[in-house]
Each structure stands twice: as C-alpha cells, then as structure tokens.
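K.L.:
You'll find run.txt just under this line, and it carries compact mmCIF, C-alpha atoms.
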# COMPACT_ATOMS: atom_id res chain seq x y z
CA MET A 110 165.88 118.83 49.88
CA SER A 111 165.39 121.01 52.92
CA LEU A 112 162.69 123.47 53.92
CA SER A 113 164.11 126.12 56.25
CA GLN A 114 162.36 128.97 58.01
CA ALA A 115 163.90 132.04 59.63
CA GLY A 116 162.80 135.39 60.99
CA LEU A 117 159.47 135.33 62.82
CA THR A 118 158.69 131.65 63.24
CA LYS A 119 156.80 129.54 65.75
CA LEU A 120 158.75 128.49 68.80
CA GLY A 121 160.33 125.12 68.26
CA SER A 122 159.98 125.24 64.49
CA THR A 123 162.67 123.17 62.83
CA GLY A 124 163.66 122.54 59.27
CA GLN A 125 162.12 119.72 57.29
CA SER A 126 163.59 117.55 54.59
CA ALA A 127 162.39 115.38 51.73
CA SER A 128 164.16 112.96 49.42
CA ILE A 129 164.76 114.24 45.89
CA SER A 130 167.10 111.50 44.68
CA ALA A 131 164.62 110.70 41.89
CA TRP A 132 165.25 114.16 40.43
CA GLY A 133 168.72 113.07 39.26
CA LEU A 134 170.47 116.29 40.31
CA ASP A 135 173.74 114.48 41.13
CA GLU A 136 173.74 113.00 37.64
CA LEU A 137 172.96 116.43 36.15
CA ILE A 138 175.96 117.99 37.93
CA VAL A 139 178.29 115.17 36.84
CA GLN A 140 177.05 115.37 33.26
CA GLN A 141 177.42 119.14 33.06
CA ALA A 142 180.84 119.20 34.80
CA THR A 143 182.08 116.46 32.44
CA ARG A 144 180.90 118.41 29.40
CA LEU A 145 182.42 121.70 30.58
CA LEU A 146 185.75 120.26 31.75
CA GLY A 147 185.99 117.88 28.77
CA ALA A 148 186.60 120.81 26.43
CA ARG A 149 189.97 121.37 28.13
CA TYR A 150 190.87 118.17 30.00
CA ARG A 151 190.58 114.42 29.56
CA VAL A 152 187.77 113.60 32.00
CA GLN A 153 187.42 110.11 33.42
CA ALA A 154 184.53 108.76 35.46
CA VAL A 155 185.44 107.39 38.89
CA ASN A 156 183.79 104.96 41.29
CA TYR A 157 182.96 106.16 44.79
CA THR A 158 180.51 105.56 47.61
CA ARG A 159 178.00 108.39 47.37
CA ALA A 160 176.77 107.86 50.94
CA ALA A 161 180.29 108.32 52.36
CA PHE A 162 180.65 111.72 50.71
CA ALA A 163 177.09 112.76 51.67
CA ALA A 164 177.69 111.85 55.32
CA ILE A 165 180.43 114.44 55.82
CA ARG A 166 179.17 117.53 57.64
CA ASP A 167 180.96 120.69 58.69
CA SER A 168 181.14 121.37 62.40
CA ALA A 169 178.70 123.97 63.72
CA VAL A 170 181.74 125.58 65.37
CA THR A 171 183.53 127.40 62.52
CA PRO A 172 187.06 127.36 64.07
CA VAL A 173 186.90 123.56 64.21
CA ASN A 174 186.47 123.48 60.42
CA LEU A 175 189.50 125.73 59.99
CA LEU A 176 191.70 123.53 62.18
CA ARG A 177 190.78 120.09 60.91
CA SER A 178 192.02 118.69 57.65
CA ASP A 179 189.58 118.63 54.74
CA PRO A 180 187.79 115.27 55.16
CA PHE A 181 187.08 114.93 51.43
CA LYS A 182 190.74 114.55 50.52
CA GLU A 183 191.00 111.46 52.75
CA LEU A 184 187.86 110.00 51.14
CA VAL A 185 189.38 110.54 47.69
CA ARG A 186 192.53 108.75 48.86
CA THR A 187 190.68 105.75 50.34
CA ASP A 188 187.28 105.41 48.62
CA VAL A 189 187.73 106.52 45.00
CA THR A 190 188.88 104.31 42.14
CA PRO A 191 190.85 104.46 39.98
CA GLN A 192 193.74 106.04 41.85
CA GLY A 193 196.64 107.83 40.16
CA LEU A 194 194.74 110.44 38.15
CA ASP A 195 196.21 113.95 37.96
CA ALA A 196 193.34 115.53 39.90
CA TYR A 197 189.88 114.82 41.22
CA ILE A 198 186.94 117.23 41.13
CA VAL A 199 184.64 116.85 44.14
CA ILE A 200 181.32 118.72 44.18
CA THR A 201 179.45 118.69 47.48
CA ARG A 202 176.72 120.65 49.23
CA ALA A 203 177.64 124.02 50.74
CA ARG A 204 176.17 126.05 53.58
CA SER A 205 174.99 129.65 53.89
CA LYS A 206 173.31 131.85 56.50
CA LEU A 207 169.67 132.82 56.13
CA GLY A 208 168.41 135.98 57.78
CA ASN A 209 169.07 135.85 61.51
CA GLY A 210 171.81 133.28 61.16
CA ARG A 211 169.99 130.01 60.55
CA ASN A 212 172.12 127.72 58.41
CA ILE A 213 170.77 126.37 55.16
CA GLU A 214 172.61 123.92 52.94
CA GLY A 215 172.42 122.01 49.69
CA VAL A 216 169.20 122.08 47.72
CA GLY A 217 166.03 123.46 49.25
CA ILE A 218 163.43 126.10 49.87
CA ALA A 219 164.01 128.86 52.41
CA GLU A 220 161.33 131.11 53.90
CA TYR A 221 161.99 134.28 55.87
CA ARG A 222 159.12 135.94 57.72
CA THR A 223 158.90 139.47 59.12
CA LEU A 224 156.00 141.45 60.56
CA LEU A 225 155.26 143.05 57.20
CA ALA A 226 156.22 140.48 54.59
CA ASP A 227 157.23 136.91 53.83
CA TYR A 228 160.07 136.08 51.46
CA GLY A 229 160.86 132.75 49.89
CA LEU A 230 163.58 131.39 47.68
CA ILE A 231 164.90 128.18 46.25
CA HIS A 232 168.60 127.41 46.57
CA ALA A 233 171.23 125.06 45.18
CA LEU A 234 174.27 125.59 47.40
CA TYR A 235 177.37 123.62 46.46
CA GLU A 236 181.14 123.87 46.49
CA VAL A 237 183.79 122.53 44.14
CA ARG A 238 187.12 121.10 45.31
CA VAL A 239 190.09 120.25 43.13
CA ILE A 240 192.16 117.57 44.87
CA ASP A 241 195.66 116.68 43.66
CA GLY A 242 195.71 113.05 42.52
CA LYS A 243 199.23 112.37 43.82
CA THR A 244 199.47 114.26 47.14
CA PHE A 245 195.72 114.49 47.85
CA ASP A 246 196.13 118.12 48.84
CA VAL A 247 193.19 120.42 48.17
CA ILE A 248 194.44 122.62 45.32
CA GLU A 249 191.38 124.85 45.37
CA LYS A 250 187.98 125.00 47.00
CA ARG A 251 185.24 127.41 45.96
CA ALA A 252 181.57 127.73 46.78
CA ALA A 253 179.26 128.55 43.89
CA ALA A 254 178.54 132.28 43.87
CA PRO A 255 175.09 133.88 43.90
CA LEU A 256 173.28 134.42 40.60
CA ASP A 257 171.22 137.55 39.93
CA ASN A 258 171.41 138.40 43.63
CA THR A 259 169.01 141.34 43.44
CA GLY A 260 166.16 140.08 45.60
CA THR A 261 165.21 141.20 49.08
CA LEU A 262 166.44 137.96 50.63
CA ARG A 263 170.05 137.11 49.73
CA ILE A 264 172.21 134.12 50.50
CA ALA A 265 175.78 133.21 49.54
CA GLY A 266 175.09 130.86 46.66
CA PRO A 267 172.84 130.15 43.68
CA SER A 268 169.26 131.02 44.58
CA GLY A 269 166.13 132.54 43.15
CA PRO A 270 162.76 133.78 44.36
CA ILE A 271 159.87 131.39 44.74
CA ASP A 272 157.13 132.33 42.35
CA GLY A 273 153.54 131.19 42.12
CA THR A 274 154.42 128.33 39.77
CA ILE A 275 155.90 126.29 42.63
CA ASP A 276 152.43 125.69 44.13
CA GLY A 277 149.69 123.48 42.76
CA PRO A 278 149.62 120.46 40.47
CA ALA A 279 152.95 119.44 38.92
CA SER A 280 154.76 121.66 41.43
CA SER A 281 157.43 119.01 42.06
CA GLU A 282 158.48 119.03 38.39
CA ARG A 283 158.52 122.84 38.25
CA LEU A 284 160.61 122.95 41.43
CA ARG A 285 163.04 120.36 40.00
CA ALA A 286 163.33 122.39 36.79
CA ALA A 287 163.99 125.60 38.74
CA ILE A 288 166.72 123.93 40.85
CA ALA A 289 168.26 122.36 37.72
CA ASP A 290 168.29 125.82 36.11
CA LEU A 291 170.23 127.24 39.09
CA ILE A 292 172.81 124.47 38.76
CA THR A 293 173.04 124.74 34.97
CA ARG A 294 173.58 128.51 35.09
CA SER A 295 175.96 128.56 38.08
CA LEU A 296 178.34 125.66 37.38
CA PRO A 297 180.02 127.24 34.31
CA VAL A 298 180.53 130.47 36.27
CA THR A 299 182.04 128.62 39.23
CA LEU A 300 184.39 126.52 37.09
CA ASP A 301 185.43 129.64 35.16
CA ASP A 302 186.12 131.49 38.44
CA MET A 303 188.42 128.59 39.35
CA HIS A 304 190.17 128.91 35.94
CA LEU A 305 189.19 125.34 35.07
CA ILE A 306 187.36 126.37 31.92
CA GLY A 307 188.06 129.31 29.71
CA GLY A 308 185.23 131.81 29.36
CA GLN A 309 182.60 129.34 28.18
Please lay out the structure from this file as structure tokens.
P.N.:
Amino acid sequence: MSLSQAGLTKLGSTGQSASISAWGLDELIVQQATRLLGARYRVQAVNYTRAAFAAIRDSAVTPVNLLRSDPFKELVRTDVTPQGLDAYIVITRARSKLGNGRNIEGVGIAEYRTLLADYGLIHALYEVRVIDGKTFDVIEKRAAAPLDNTGTLRIAGPSGPIDGTIDGPASSERLRAAIADLITRSLPVTLDDMHLIGGQ
C-alpha cells in the first residue's frame, strides 16, 4: 500500500509504502473474478510466480510504454502453468495522476493539500488484461473505471474519500474493508465493460 502526497507538500517529501499482503486482497480479486467469470466460462486456476508479475513496472516515459511489447504476455507464455488454455485473465496494478501530476498506483491513500483545504482518498487502481492462450496476444486491456467520482479530488480508477473512520483503533481493518469494497464494487463493472460477463 502506498501513501502519496501532492499539491502543497514539504520539499523532498516522497511517497511511503507499507506491506498489506496479510489483507488477502490478491485472493479476494481472484475469488471474485472466478465467481463472476464462472457464470459464463469454465475457469481454471493457474500457477504463477506472483513476484515476477509484481516486479513489472511501466516506464515513466509514456512513449516507451507504447512502443514496447506488453511484458505480461511474455510472462504468461513462460511462467504460467498449465499452458494451452483458451485465454488468461491477468489483473495487475494500474497507475493514475494525482493533482499536479504525481503518479499513484495500486492500493493506497492519497492526500492533496492546497492553501485552503486538504483532501484525502483511498484507491484501488488495477487493470485487467485478456491474453490469448495460443498466440499470447493481448486481446483486451482495460483499467478499472472510477466509482461514484463526485468528490473534489478525482483520479482515473476506483477511489473514495477518506472519512474519520480510518483513524484510531482498528483503523487497519476499516481501511482493508474500504479497499475491499472498492474492489468488490468495481470488478463486476470492469468485466462487464469488457463484455466478459453479461450485466451481472
């Protein structure tokens, strides 16, 4: 999980991160995607090296990302078993701009400060790829869209305002529940936008 700040910040302020692997968000996404896709397709679990997929980062120079081949399709070809399935669904973290252009990605908390107000939000930014199981071409790639994007601070992906319940005792569990809610509400919308599920 990342903590990002933008707007009026101290010189030299950088983002922070903390491990949230104990929250089981990867397992939640797999479980929900399996349930949603299983209504229409035969879904099969695959074996893969999670660290190899997590290590892939987009270049900070956008044109480089447009020119290079999608690195996830090569990982599916070489690091996923079994091979020979019709298609593979790959869900990875996505990136968005916050305020003055600072990049935020994946799961985290973002704060934006101005002279008159401070804004905060939680985010669960991810993208879904469908990779052909025979040619390993990317059939479709889509970032999860914003939900209820009516707040003052907006980003391109599932997010919500930070409320007072995030502070204090048991804040970690409330934060985990809020992030899980973003994923649970946004994944059906994203899969439906990709025409992988039918209006569920």
K.L.:
From the set A:Arg211, A:Thr187, A:Arg294, A:Ile198, which residue has the shortest atom-to-atom contact distance to Ala233 (chain A), counting only C-alpha atoms?
P.N.:
A:Arg294
K.L.:
What is the CA of Tyr235 (chain A) to CA of Thr201 (chain A) distance in Å?
P.N.:
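Those two atoms sit 5.4 Å apart.
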K.L.:
Between A:His232, A:Arg151, A:Arg202, A:Lys182, which one has atoms that come closest to Asp290 (chain A), using only C-alpha atoms?
P.N.:
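So, comparing all the options, the nearest one is A:His232.
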K.L.:
Skipping near chain neighbours, those fewer than 4 positions away, what residues fall within 10 Å of Ile165 (chain A) using only C-alpha atoms, listed as number ranges by chain?
P.N.:
A: 160-161, 180-181, 184, 201-202
K.L.:
What is the distance between CA of Arg238 (chain A) and CA of Leu146 (chain A), in Å to one decimal?
P.N.:
13.7 Å
K.L.:
Quick one: pull the distance between CA of Val139 (chain A) and CA of Met303 (chain A), Å, one decimal.
P.N.:
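Calculated distance between CA of Val139 (chain A) and CA of Met303 (chain A) is 17.0 Å.
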K.L.:
Rank A:Val199, A:Val155, A:Ala142, A:Leu207 by their smallest atom-to-atom distance to Ala265 (chain A), using all atoms listed in the file, and report the top residue only.
P.N.:
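Under the stated criterion, the closest residue is A:Leu207.
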K.L.:
For Ala131 (chain A), which residue among A:Leu291, A:Asn156, A:Ser281, A:Thr299 is the nearest when counting all atoms listed in the file?
P.N.:
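That would be A:Ser281, the residue with the smallest distance to Ala131 (chain A).
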K.L.:
Would you pick out the contacts of Tyr157 (chain A) at 10 Å or less, using all atoms listed in the file, so that residues sharing its chain but fewer than 6 positions from it are not included, and give the list as number ranges by chain?
P.N.:
A: 184-185, 187-191
